[in-house]
Amino acid sequence: MTVTRRWPLFVWLVSLGVFAVVVGRMRLATDLSAFLPSRPSASEQLLIDQLKEGPASRLVLIAVEGATDTARALISMRMAGWLRQDSAFSAVSNGAAAEREAERQLLFRWRYLLSPSVTPERFTVEGLHRAVRASVDRLASSAGLMTKALLPSDPTGELLDILERMEVEAGPETAGGVWVSRDRRRALLLARLGAPGSDTDAQERALASIRAAFAAAAGEAGVTDARLILSGPAVFTVEARDRIRGEAVRLSVAGTALVAVLLLAVYRSLAALVLGLVPVATGALAGIAAVSLGFGMVYGVTLGFGATLIGEAVDYAIYLFVQAGERRREEADRDNWFDLYWPTIRLGVLTSVCGALPLALSGFPGFSQLGVYSIAGLLAAAAVTRWVLAGLLPRGFRIRDLGRTGEALVRLISRLRRLRWLVPAAAALACGSLWLHRDGVWNEQLGALSPVPLEAQRQDAELRADLGAPDVGCLVVVGGRDAESALQAAERVSSRLAVLVGEGVIAGFQSPSNYLPSLQTQRLRRAALPEDGVLRERFAAAVRGVPVRPEGFGTFFADVKATRAAPLLRAEDLRGTRFAVAVDSLLVRGSRGWTALLPLRASAEASGSGVDAARIRAALSDVPDAVFLDLKTETDTLYQRYLSEATRLSAGGAGAVVLLLAFALGSPRRVLRVCLPLAAALVMVIAVLVVGGHRLTMLHLIGMMLAVAIGSNYCLFFDRLAQAGAIGGSRAGRTLVSLVLANLATVVVFGLLAGSSVPVLSAIGMMVAPGTFLALVISATYWKPDAECAA
Amino acid sequence: MGFRSGVTALGFMLSCAATAAHAGPWGIVQLMEALAAKHSGRAEFVEKKYVSVLTAPVESSGELSFAAPDRLEKRTVQPLDERLVLEGDRLSLERGGKRRSVGLDEYPEIAALVGSIRSTLMGDRAALEKIYRLSLNGDARRWTLLLVPSTPAVADLVAYIRIGGSEGLVDRVEIHQPGGDYSVMSIREMPQR
């Protein structure tokens with residue numbers, strides 16, 4: 001070894017040390033934020049906060065199905081009983097009547113602070129008269145015999161007012177005393193975790209408690225055919241973490257193993273195999289180190305892509321070993337190889353970098369990590385192949401003679417050539433079918449990007465609908481410095497929304513201030529309550545002419561008196577009830593102060609078209625900082641923005657690849673020779689996916705860029721071969737062998753990805769494996785072997 | 001008032017026991033058959049509620065209609081507009097433009113009250129016997145059906161329900177509650193449209 005050969009080795013070893021240190025210190029992130037935008041607008045931020053940390057992220061939707069109605073009800077009761085004892089849960093509801101009764105009592109106790117009807121006017125003689133009159137009229141209702149018991153203690157009807165306003169009817173149906181789904185086949189429970197959405201370990205433990213409670217309850221009920229279904233963000237997070245973690249390891253290990261077997265079978269040399277994995281390992285380390293340094297943390301999904309790098313980085317060593325010749329004169333042959341092929345490989349690396357660049361620039365951190373990982377990994381792998389690997393090869397290093405395989409390949413390809421008319425025909429067919437399916441090419445839902453499997457998403461939507469959890473279609477958001485000012489703002493918004501309800505613009509709305517009025521409002525209400533003597537006097541005057549016995553209202557006077565002396569209602573007083581859950585999910589602490597959310601319900605007439613956004617915005621115009629959000633539109637816009645960003649970046653990447661080729665190859669003909677097979681291959685893959693019922697997402701677009709990155713290398717080699725002059729017959733054969741071997745490795749690795757249950761991974765695998773294979777085959781079809789080597 | 005109705009009830013129960021003893025041509029079976037023979041109907045009603053905390057009964061009126069197999073609608077016009085529909089096991093109440101629909105078993109009270117009227121109109125003896133003990137007094141021309149709750153939950157709400165009628169027509173429903181409050185609903189059949 002010469003001195004000049006040692007320097008790269010030294011640099012490489014030092015870099016490896018640095019990478020290892022960085023990788024050893026990296027922080028692994030497993031939450032779902034990898035596929036949420038990194039530069040969100042204010043409203044998107046709200047959406048993301050809710051998903052990542054918000055109280056909604058703490059809800060676990062629980063369903064019990066199978067067995068009999070009675071058994072399910074029993075299991076639900078038992079589970080709720082046990083889980084309520086568990087400190088991991090801040091609230092557990094299953095619709096049991098006892099629960100409703102407790103909530104009713106709570107509302108009853110605080111009725112004079114909770115009811116918006118409590119104003120000074122309400123407690124004048126005139127106001128009392130009207131309120132009592134209305135209460136008596138209420139007795140005429142069919143529900144009268146039930147509400148009559150309230151009259152002596154609540155003659156002004158505050159409790160009924162509160163109940164009506166709270167829309168408690170928005171809960172699920174009940175059967176056998178517990179919540180059930182609409183088809184009655186499932187018992188439903190709702191649990192709220194104490195731990196925040198980002199504490200995945202705590203979530204995992206809590207989910208285990210739920211499963212244990214279910215198993216115990218089912219055992220106690222003596223049934224074996226009951227099933228537990230869990231859903232909600234916590235469930236998704238835990239499952240996604242487990243799955244991504246599992247798949248990252250599984251796919252990387254399986255990919256490495258398969259590629260190793262493949263290479264070993266071809267090389268018949270352990271040393272060659274080990275040396276061949278050196279660029280891959282260096283690339284993977286460099287990639288992770290770059291991501292860790294650049295982002296401060298590494299997503300689990302990114303590690304899953306470790307596999308993708310193997311598929312590509314292993315190619316460089318393959319080219320070197322196979323093409324550089326197997327016999328004698330290794331040194332000279334190798335130098336020769338560098339002179340001959342290095343420019344081609346360098347161009348291949350650069351096109352790959354161009355292909356990965358759109359990823360690195362994407363607005364989704366998961367994708368940009370993948371892009372950075374690929375770029376750093378490829379550059380490192382190529383550099384190691386060029387400057388380090390050659391120096392590491394032992395004297396007399398050789399792999400099996402592949403000359404005959406090469407000749408066979410050349411013969412095969414010359415036969416393929418006869419079928420080359422198939423390529424334009426197939427491409428035209430693909431374009432045609434894409435045109436026919438042009439409306440169904442893209443999946444335009446943000447959920448398509450979710451790492452949560454479709455089946456789980458569907459089940460979640462079903463449970464949510466059954467639980468009557470308000471589907472957060474439209475809402476008004478208003479903020480404040482602290483909880484109190486956010487509540488006050490919510491009250492101002494509520495008063496405007498109440499008018500809209502009256503006008504029929506919306507059917508109803510929820511507000512945290514319905515359950516927990518601001519202290520200011522509570523103070524005003526408390527101040528509106530007259531002093532005992534005054535109240536008695538006014539009441540006596542008020543009920544003249546109303547057919548009630550004035551002496552029967554002792555509890556009313558006592559309750560008003562008690563409220564005047566008692567402290568105000570605090571969030572703690574609601575603990576353990578569904579009201580606490582409601583307040584927690586509607587009043588959130590954000591990065592800057594507090595935010596109150598007021599979900600709206602569309603009126604029945606407006607169903608389908610949503611709500612009249614313009615009228616709502618107009619009504620809110622005088623409430624500073626109140627924002628009306630239509631989340632459906634909002635998320636669609638968000639997704640479309642990112643989809644178009646991805647399209648733009650991909651187009652930019654493709655443009656960069658073409659420019660690079662034009663610059664490097666210097667001939668439009670050669671640029672076309674490289675680009676057309678790639679384009680044809682991609683069109684065919686997309687057409688097959690779309691016709692097969694897949695809808696493309698951004699993930700497929702990303703896969704397309706990776707396919708371009710890898711496939712372009714093959715095309716470049718064929719282009720190099722076409723410039724045949726300098727290349728002898730056996731060289732062409734060996735080049736072909738190396739390309740086929742490289743592609744086999746790629747297909748193996750990405751084929752594994754295609755089978756992954758993580759949508760991100762499978763979409764990319766589905767695109768790259770067939771895409772690169774077709775690119776190779778199509779390029780080969782158009783290559784004209786020299787007459788002598790074809791012979 | 002409470003005392004008087006209590007005595008009446010006792011009297012009824014005794015006489016019903018007597019009726020049951022010599023089961024003649026007119027019994028619960030025949031009544032239920034007569035009621036079930038009618039598949040739909042419309043009637044006006046006037047309901048008076050006597051509530052102890054009030055010095056005068058609260059009166060309401062409107063229209064009652066039912067259709068086999070399981071729909072009962074009670075539309076109150078005076079003094080407030082309200083529509084109560086019991087269909088299958090769903091109960092919906094519409095008042096002041098607001099409609100709320102609930103599962104019947106969520107409101108066992110309403111199930112006991114409105115459900116019993118529906119079951120009677122439909123001649124559904126099995127449904128009635130789920131919550132009440134039945135006894136019949138009088139003859140086909142003028143009968144009285146007494147429903148006494150057999151479960152404690154319903155007994156908390158209803159002391160007894162007395163339904164009066166003639167042949168297959170119901171014309172009076174009295175609901176008596178523990179504590180003496182009660183309501184009387186008089187029903188007048190309207191010609192079928």
# chains A, B, ... in the order shown; residues from 1 in each chain; ligands from 1
>>> interface_residues(of="chain B", to="chain A", cutoff="10 Å", atoms="only C-alpha atoms", output="mmCIF file with N, CA and C atoms, in the first residue's frame")
data_model
loop_
_atom_site.group_PDB
_atom_site.id
_atom_site.type_symbol
_atom_site.label_atom_id
_atom_site.label_comp_id
_atom_site.auth_asym_id
_atom_site.auth_seq_id
_atom_site.Cartn_x
_atom_site.Cartn_y
_atom_site.Cartn_z
ATOM 1 N N GLU B 47 -105.268 16.716 29.101
ATOM 2 C CA GLU B 47 -104.578 16.118 30.232
ATOM 3 C C GLU B 47 -104.526 17.118 31.362
ATOM 4 N N LYS B 48 -104.887 16.654 32.556
ATOM 5 C CA LYS B 48 -104.784 17.532 33.723
ATOM 6 C C LYS B 48 -103.819 16.901 34.699
ATOM 7 N N LYS B 49 -102.852 17.727 35.142
ATOM 8 C CA LYS B 49 -101.904 17.210 36.114
ATOM 9 C C LYS B 49 -102.180 17.861 37.452
ATOM 10 N N TYR B 50 -102.341 17.044 38.456
ATOM 11 C CA TYR B 50 -102.581 17.547 39.805
ATOM 12 C C TYR B 50 -101.295 17.365 40.591
ATOM 13 N N VAL B 51 -100.647 18.477 40.865
ATOM 14 C CA VAL B 51 -99.347 18.417 41.516
ATOM 15 C C VAL B 51 -99.433 19.142 42.845
ATOM 16 N N SER B 52 -98.893 18.517 43.893
ATOM 17 C CA SER B 52 -99.122 19.034 45.236
ATOM 18 C C SER B 52 -98.592 20.444 45.425
ATOM 19 N N VAL B 53 -97.508 20.778 44.714
ATOM 20 C CA VAL B 53 -96.923 22.094 44.935
ATOM 21 C C VAL B 53 -97.758 23.186 44.249
ATOM 22 N N LEU B 54 -98.702 22.764 43.406
ATOM 23 C CA LEU B 54 -99.554 23.736 42.716
ATOM 24 C C LEU B 54 -100.943 23.773 43.354
ATOM 25 N N THR B 55 -101.542 24.928 43.242
ATOM 26 C CA THR B 55 -102.873 25.055 43.820
ATOM 27 C C THR B 55 -103.955 24.713 42.816
ATOM 28 N N ALA B 56 -103.593 24.633 41.551
ATOM 29 C CA ALA B 56 -104.580 24.296 40.520
ATOM 30 C C ALA B 56 -103.951 23.324 39.547
ATOM 31 N N PRO B 57 -104.722 22.467 38.922
ATOM 32 C CA PRO B 57 -104.128 21.529 37.965
ATOM 33 C C PRO B 57 -103.563 22.251 36.737
ATOM 34 N N VAL B 58 -102.530 21.659 36.163
ATOM 35 C CA VAL B 58 -101.994 22.188 34.909
ATOM 36 C C VAL B 58 -102.693 21.436 33.790
ATOM 37 N N GLU B 59 -103.273 22.190 32.884
ATOM 38 C CA GLU B 59 -104.021 21.527 31.827
ATOM 39 C C GLU B 59 -103.284 21.645 30.500
ATOM 40 N N SER B 60 -103.255 20.553 29.781
ATOM 41 C CA SER B 60 -102.671 20.608 28.440
ATOM 42 C C SER B 60 -103.566 19.815 27.512
ATOM 43 N N SER B 61 -103.495 20.125 26.210
ATOM 44 C CA SER B 61 -104.341 19.400 25.278
ATOM 45 C C SER B 61 -103.656 19.282 23.937
ATOM 46 N N LYS B 74 -97.648 11.823 20.584
ATOM 47 C CA LYS B 74 -98.466 12.689 21.420
ATOM 48 C C LYS B 74 -98.079 14.115 21.102
ATOM 49 N N ARG B 75 -99.042 14.830 20.517
ATOM 50 C CA ARG B 75 -98.735 16.194 20.102
ATOM 51 C C ARG B 75 -99.505 17.150 20.999
ATOM 52 N N THR B 76 -98.744 17.899 21.779
ATOM 53 C CA THR B 76 -99.365 18.857 22.675
ATOM 54 C C THR B 76 -99.424 20.210 21.978
ATOM 55 N N GLN B 78 -101.567 22.977 23.496
ATOM 56 C CA GLN B 78 -101.771 23.941 24.569
ATOM 57 C C GLN B 78 -101.176 23.394 25.854
ATOM 58 N N PRO B 79 -100.516 24.127 26.692
ATOM 59 C CA PRO B 79 -100.159 25.547 26.533
ATOM 60 C C PRO B 79 -98.850 25.721 25.778
ATOM 61 N N LEU B 80 -98.193 24.605 25.455
ATOM 62 C CA LEU B 80 -96.965 24.765 24.681
ATOM 63 C C LEU B 80 -96.953 23.738 23.572
ATOM 64 N N ASP B 81 -96.215 24.058 22.542
ATOM 65 C CA ASP B 81 -96.091 23.137 21.410
ATOM 66 C C ASP B 81 -95.053 22.084 21.723
ATOM 67 N N GLU B 82 -95.467 20.827 21.589
ATOM 68 C CA GLU B 82 -94.508 19.775 21.882
ATOM 69 C C GLU B 82 -94.939 18.517 21.146
ATOM 70 N N ARG B 83 -93.968 17.796 20.672
ATOM 71 C CA ARG B 83 -94.304 16.565 19.969
ATOM 72 C C ARG B 83 -93.464 15.446 20.554
ATOM 73 N N LEU B 84 -94.140 14.430 21.031
ATOM 74 C CA LEU B 84 -93.423 13.306 21.602
ATOM 75 C C LEU B 84 -93.740 12.091 20.741
ATOM 76 N N ARG B 90 -87.098 3.964 20.406
ATOM 77 C CA ARG B 90 -86.588 5.331 20.385
ATOM 78 C C ARG B 90 -87.682 6.280 20.826
ATOM 79 N N LEU B 93 -88.405 13.828 21.525
ATOM 80 C CA LEU B 93 -89.186 14.911 22.093
ATOM 81 C C LEU B 93 -88.774 16.175 21.366
ATOM 82 N N ARG B 95 -89.422 20.199 21.025
ATOM 83 C CA ARG B 95 -90.046 21.339 21.705
ATOM 84 C C ARG B 95 -89.258 22.586 21.349
ATOM 85 N N GLY B 97 -88.567 23.939 18.611
ATOM 86 C CA GLY B 97 -87.628 23.779 17.497
ATOM 87 C C GLY B 97 -86.486 22.842 17.811
ATOM 88 N N LYS B 98 -86.403 22.373 19.053
ATOM 89 C CA LYS B 98 -85.312 21.458 19.399
ATOM 90 C C LYS B 98 -85.856 20.053 19.501
ATOM 91 N N ARG B 99 -85.095 19.152 18.957
ATOM 92 C CA ARG B 99 -85.548 17.774 18.986
ATOM 93 C C ARG B 99 -84.471 16.937 19.623
ATOM 94 N N ARG B 100 -84.863 16.163 20.589
ATOM 95 C CA ARG B 100 -83.891 15.239 21.154
ATOM 96 C C ARG B 100 -84.461 13.840 21.102
ATOM 97 N N SER B 101 -83.599 12.950 20.748
ATOM 98 C CA SER B 101 -84.030 11.579 20.561
ATOM 99 C C SER B 101 -83.184 10.703 21.464
ATOM 100 N N VAL B 102 -83.838 9.861 22.214
ATOM 101 C CA VAL B 102 -83.083 9.029 23.157
ATOM 102 C C VAL B 102 -83.570 7.593 23.100
ATOM 103 N N GLY B 103 -82.724 6.709 23.563
ATOM 104 C CA GLY B 103 -83.132 5.322 23.690
ATOM 105 C C GLY B 103 -84.101 5.215 24.865
ATOM 106 N N LEU B 104 -85.097 4.393 24.706
ATOM 107 C CA LEU B 104 -86.135 4.307 25.721
ATOM 108 C C LEU B 104 -85.566 3.858 27.063
ATOM 109 N N ASP B 105 -84.601 2.936 27.027
ATOM 110 C CA ASP B 105 -84.141 2.420 28.315
ATOM 111 C C ASP B 105 -83.236 3.403 29.032
ATOM 112 N N GLU B 106 -82.930 4.516 28.349
ATOM 113 C CA GLU B 106 -82.184 5.564 29.023
ATOM 114 C C GLU B 106 -83.109 6.309 29.977
ATOM 115 N N TYR B 107 -84.382 6.294 29.676
ATOM 116 C CA TYR B 107 -85.354 6.981 30.510
ATOM 117 C C TYR B 107 -86.429 6.009 30.971
ATOM 118 N N GLU B 109 -88.301 6.068 33.305
ATOM 119 C CA GLU B 109 -89.527 6.729 33.772
ATOM 120 C C GLU B 109 -90.495 6.884 32.600
ATOM 121 N N ILE B 110 -89.958 7.450 31.495
ATOM 122 C CA ILE B 110 -90.816 7.656 30.337
ATOM 123 C C ILE B 110 -91.266 6.309 29.778
ATOM 124 N N LEU B 113 -94.169 5.240 31.691
ATOM 125 C CA LEU B 113 -95.391 6.026 31.519
ATOM 126 C C LEU B 113 -95.939 5.931 30.105
ATOM 127 N N VAL B 114 -95.137 6.415 29.150
ATOM 128 C CA VAL B 114 -95.628 6.453 27.777
ATOM 129 C C VAL B 114 -95.708 5.048 27.205
ATOM 130 N N LEU B 157 -91.734 5.708 40.838
ATOM 131 C CA LEU B 157 -92.248 6.762 39.986
ATOM 132 C C LEU B 157 -93.753 6.687 39.831
ATOM 133 N N VAL B 158 -94.263 5.480 39.752
ATOM 134 C CA VAL B 158 -95.682 5.285 39.492
ATOM 135 C C VAL B 158 -96.275 4.449 40.626
ATOM 136 N N ILE B 175 -102.613 8.518 35.668
ATOM 137 C CA ILE B 175 -101.328 8.087 36.201
ATOM 138 C C ILE B 175 -101.196 8.622 37.612
ATOM 139 N N GLN B 177 -98.992 8.926 41.060
ATOM 140 C CA GLN B 177 -97.607 8.802 41.507
ATOM 141 C C GLN B 177 -97.550 8.652 43.011
ATOM 142 N N ASP B 181 -99.432 12.899 43.741
ATOM 143 C CA ASP B 181 -99.629 13.642 42.500
ATOM 144 C C ASP B 181 -100.176 12.699 41.438
ATOM 145 N N TYR B 182 -101.024 13.240 40.574
ATOM 146 C CA TYR B 182 -101.541 12.379 39.519
ATOM 147 C C TYR B 182 -101.950 13.191 38.301
ATOM 148 N N SER B 183 -102.100 12.480 37.209
ATOM 149 C CA SER B 183 -102.567 13.155 36.002
ATOM 150 C C SER B 183 -103.707 12.346 35.404
#
>>> select_by_dssp(residues="segment 4-172 of chain B", states="strand (DSSP E or B)", output="short mmCIF file (atom, residue, chain, number, x, y, z; two decimals) with C-alpha atoms, in the first residue's frame")
data_model
loop_
_atom_site.label_atom_id
_atom_site.label_comp_id
_atom_site.auth_asym_id
_atom_site.auth_seq_id
_atom_site.Cartn_x
_atom_site.Cartn_y
_atom_site.Cartn_z
CA SER B 40 -104.18 2.85 14.08
CA GLY B 41 -106.12 5.72 15.45
CA ARG B 42 -106.24 9.43 16.14
CA ALA B 43 -107.72 11.11 19.14
CA GLU B 44 -107.90 14.43 20.93
CA PHE B 45 -106.74 14.51 24.47
CA VAL B 46 -106.99 16.79 27.44
CA GLU B 47 -104.58 16.12 30.23
CA LYS B 48 -104.78 17.53 33.72
CA LYS B 49 -101.90 17.21 36.11
CA TYR B 50 -102.58 17.55 39.80
CA LEU B 54 -99.55 23.74 42.72
CA VAL B 58 -101.99 22.19 34.91
CA GLU B 59 -104.02 21.53 31.83
CA SER B 60 -102.67 20.61 28.44
CA SER B 61 -104.34 19.40 25.28
CA GLY B 62 -103.52 18.14 21.85
CA GLU B 63 -103.71 15.13 19.65
CA LEU B 64 -102.75 11.54 20.17
CA SER B 65 -102.17 9.08 17.38
CA PHE B 66 -100.86 5.60 17.10
CA ALA B 67 -100.05 3.20 14.34
CA ARG B 71 -95.59 4.09 16.96
CA LEU B 72 -97.26 6.45 19.37
CA GLU B 73 -97.30 10.18 18.88
CA LYS B 74 -98.47 12.69 21.42
CA ARG B 75 -98.74 16.19 20.10
CA THR B 76 -99.36 18.86 22.67
CA VAL B 77 -100.74 22.15 21.39
CA GLN B 78 -101.77 23.94 24.57
CA GLU B 82 -94.51 19.77 21.88
CA ARG B 83 -94.30 16.57 19.97
CA LEU B 84 -93.42 13.31 21.60
CA VAL B 85 -92.92 10.28 19.42
CA LEU B 86 -92.34 6.81 20.69
CA GLU B 87 -91.34 4.46 17.94
CA ARG B 90 -86.59 5.33 20.38
CA LEU B 91 -88.21 8.24 22.06
CA SER B 92 -88.00 11.69 20.59
CA LEU B 93 -89.19 14.91 22.09
CA GLU B 94 -89.48 18.05 20.05
CA ARG B 95 -90.05 21.34 21.70
CA LYS B 98 -85.31 21.46 19.40
CA ARG B 99 -85.55 17.77 18.99
CA ARG B 100 -83.89 15.24 21.15
CA SER B 101 -84.03 11.58 20.56
CA VAL B 102 -83.08 9.03 23.16
CA GLY B 103 -83.13 5.32 23.69
CA TYR B 132 -96.89 -4.18 35.75
CA ARG B 133 -99.30 -6.53 37.35
CA LEU B 134 -102.55 -6.28 35.41
CA SER B 135 -106.06 -6.45 36.67
CA LEU B 136 -109.30 -5.76 34.87
CA ASN B 137 -112.61 -4.56 36.17
CA GLY B 138 -115.99 -3.93 34.56
CA ASP B 139 -117.40 -5.35 31.39
CA ARG B 142 -117.18 -0.10 30.40
CA TRP B 143 -113.89 -1.54 31.58
CA THR B 144 -111.02 -0.36 33.73
CA LEU B 145 -107.54 -1.79 33.51
CA LEU B 146 -105.32 -1.30 36.51
CA LEU B 147 -101.56 -1.43 36.14
CA VAL B 148 -99.53 -1.76 39.34
CA PRO B 149 -95.73 -1.68 39.01
CA TYR B 160 -100.47 2.78 39.62
CA ILE B 161 -101.94 3.55 36.24
CA ARG B 162 -105.64 3.25 35.60
CA ILE B 163 -106.86 2.98 32.08
CA GLY B 164 -110.52 3.16 31.25
CA GLY B 165 -112.37 2.44 28.06
CA SER B 166 -115.14 0.82 26.20
CA LEU B 169 -111.30 2.09 22.69
CA VAL B 170 -109.33 3.75 25.43
CA ASP B 171 -110.83 7.01 26.67
CA ARG B 172 -109.10 7.74 29.92
#
>>> select_by_dssp(residues="segment 266-508 of chain A", states="alpha helix (DSSP H)", output="ChimeraX atom specification")
/A:266-267,270-295,300-304,306-318,330-361,365-383,390-392,403-416,422-436,454-467,483-503
>>> residues_around(residues="Thr282 of chain A", least_positions_apart="6", cutoff="7 Å", atoms="only C-alpha atoms", output="PyMOL selection string")
chain A and resi 16+380-381
>>> write_last_selection(atoms="C-alpha atoms", output="compact mmCIF listing (two decimals), in the first residue's frame")
# COMPACT_ATOMS: atom_id res chain seq x y z
CA LEU A 16 -16.45 6.27 11.44
CA ALA A 380 -20.39 8.42 2.06
CA ALA A 381 -20.90 5.00 0.46
>>> residues_around(residues="Ser135 of chain A", least_positions_apart="5", cutoff="10 Å", atoms="only C-alpha atoms", output="ChimeraX atom specification")
/A:129-130,140,144,147-148,150-151,154-158,160
>>> atom_distance(atom1="atom CA of Gln459 of chain A", atom2="atom CA of Asn94 of chain A")
18.7 Å
>>> closest_residue(among="B:Ile28, B:Ile131, B:Pro69, B:Gly168", to="Ser150 of chain B", atoms="only C-alpha atoms")
B:Ile131
>>> closest_residue(among="A:Lys561, A:His700, A:Arg615, A:Arg578", to="Ala646 of chain A", atoms="only C-alpha atoms")
A:His700
>>> atom_distance(atom1="atom CA of Ala153 of chain B", atom2="atom CA of Ala213 of chain A")
29.8 Å
>>> residues_around(residues="Leu293 of chain A", least_positions_apart="2", cutoff="10 Å", atoms="only C-alpha atoms", output="PyMOL selection string")
chain A and resi 19+22-23+25-26+287-291+295-298
>>> write_last_selection(atoms="C-alpha atoms", output="mmCIF file, in the first residue's frame")
data_model
loop_
_atom_site.group_PDB
_atom_site.id
_atom_site.type_symbol
_atom_site.label_atom_id
_atom_site.label_comp_id
_atom_site.auth_asym_id
_atom_site.auth_seq_id
_atom_site.Cartn_x
_atom_site.Cartn_y
_atom_site.Cartn_z
ATOM 1 C CA PHE A 19 -20.381 8.928 13.241
ATOM 2 C CA VAL A 22 -23.101 10.879 17.075
ATOM 3 C CA VAL A 23 -25.249 7.820 16.454
ATOM 4 C CA ARG A 25 -26.034 9.912 21.328
ATOM 5 C CA MET A 26 -28.994 10.212 18.978
ATOM 6 C CA GLY A 287 -26.809 8.991 7.157
ATOM 7 C CA ILE A 288 -28.036 8.552 10.717
ATOM 8 C CA ALA A 289 -25.324 10.831 12.042
ATOM 9 C CA ALA A 290 -26.261 13.534 9.520
ATOM 10 C CA VAL A 291 -29.952 13.304 10.424
ATOM 11 C CA PHE A 295 -32.643 17.501 13.207
ATOM 12 C CA GLY A 296 -31.691 16.862 16.801
ATOM 13 C CA MET A 297 -33.541 13.559 16.722
ATOM 14 C CA VAL A 298 -34.183 10.632 14.434
#
>>> closest_residue(among="A:Arg227, A:Arg734, A:Arg111, A:Arg6", to="Leu516 of chain A", atoms="only C-alpha atoms")
A:Arg111
>>> atom_distance(atom1="atom CA of Ala265 of chain A", atom2="atom CA of Val410 of chain A")
20.6 Å
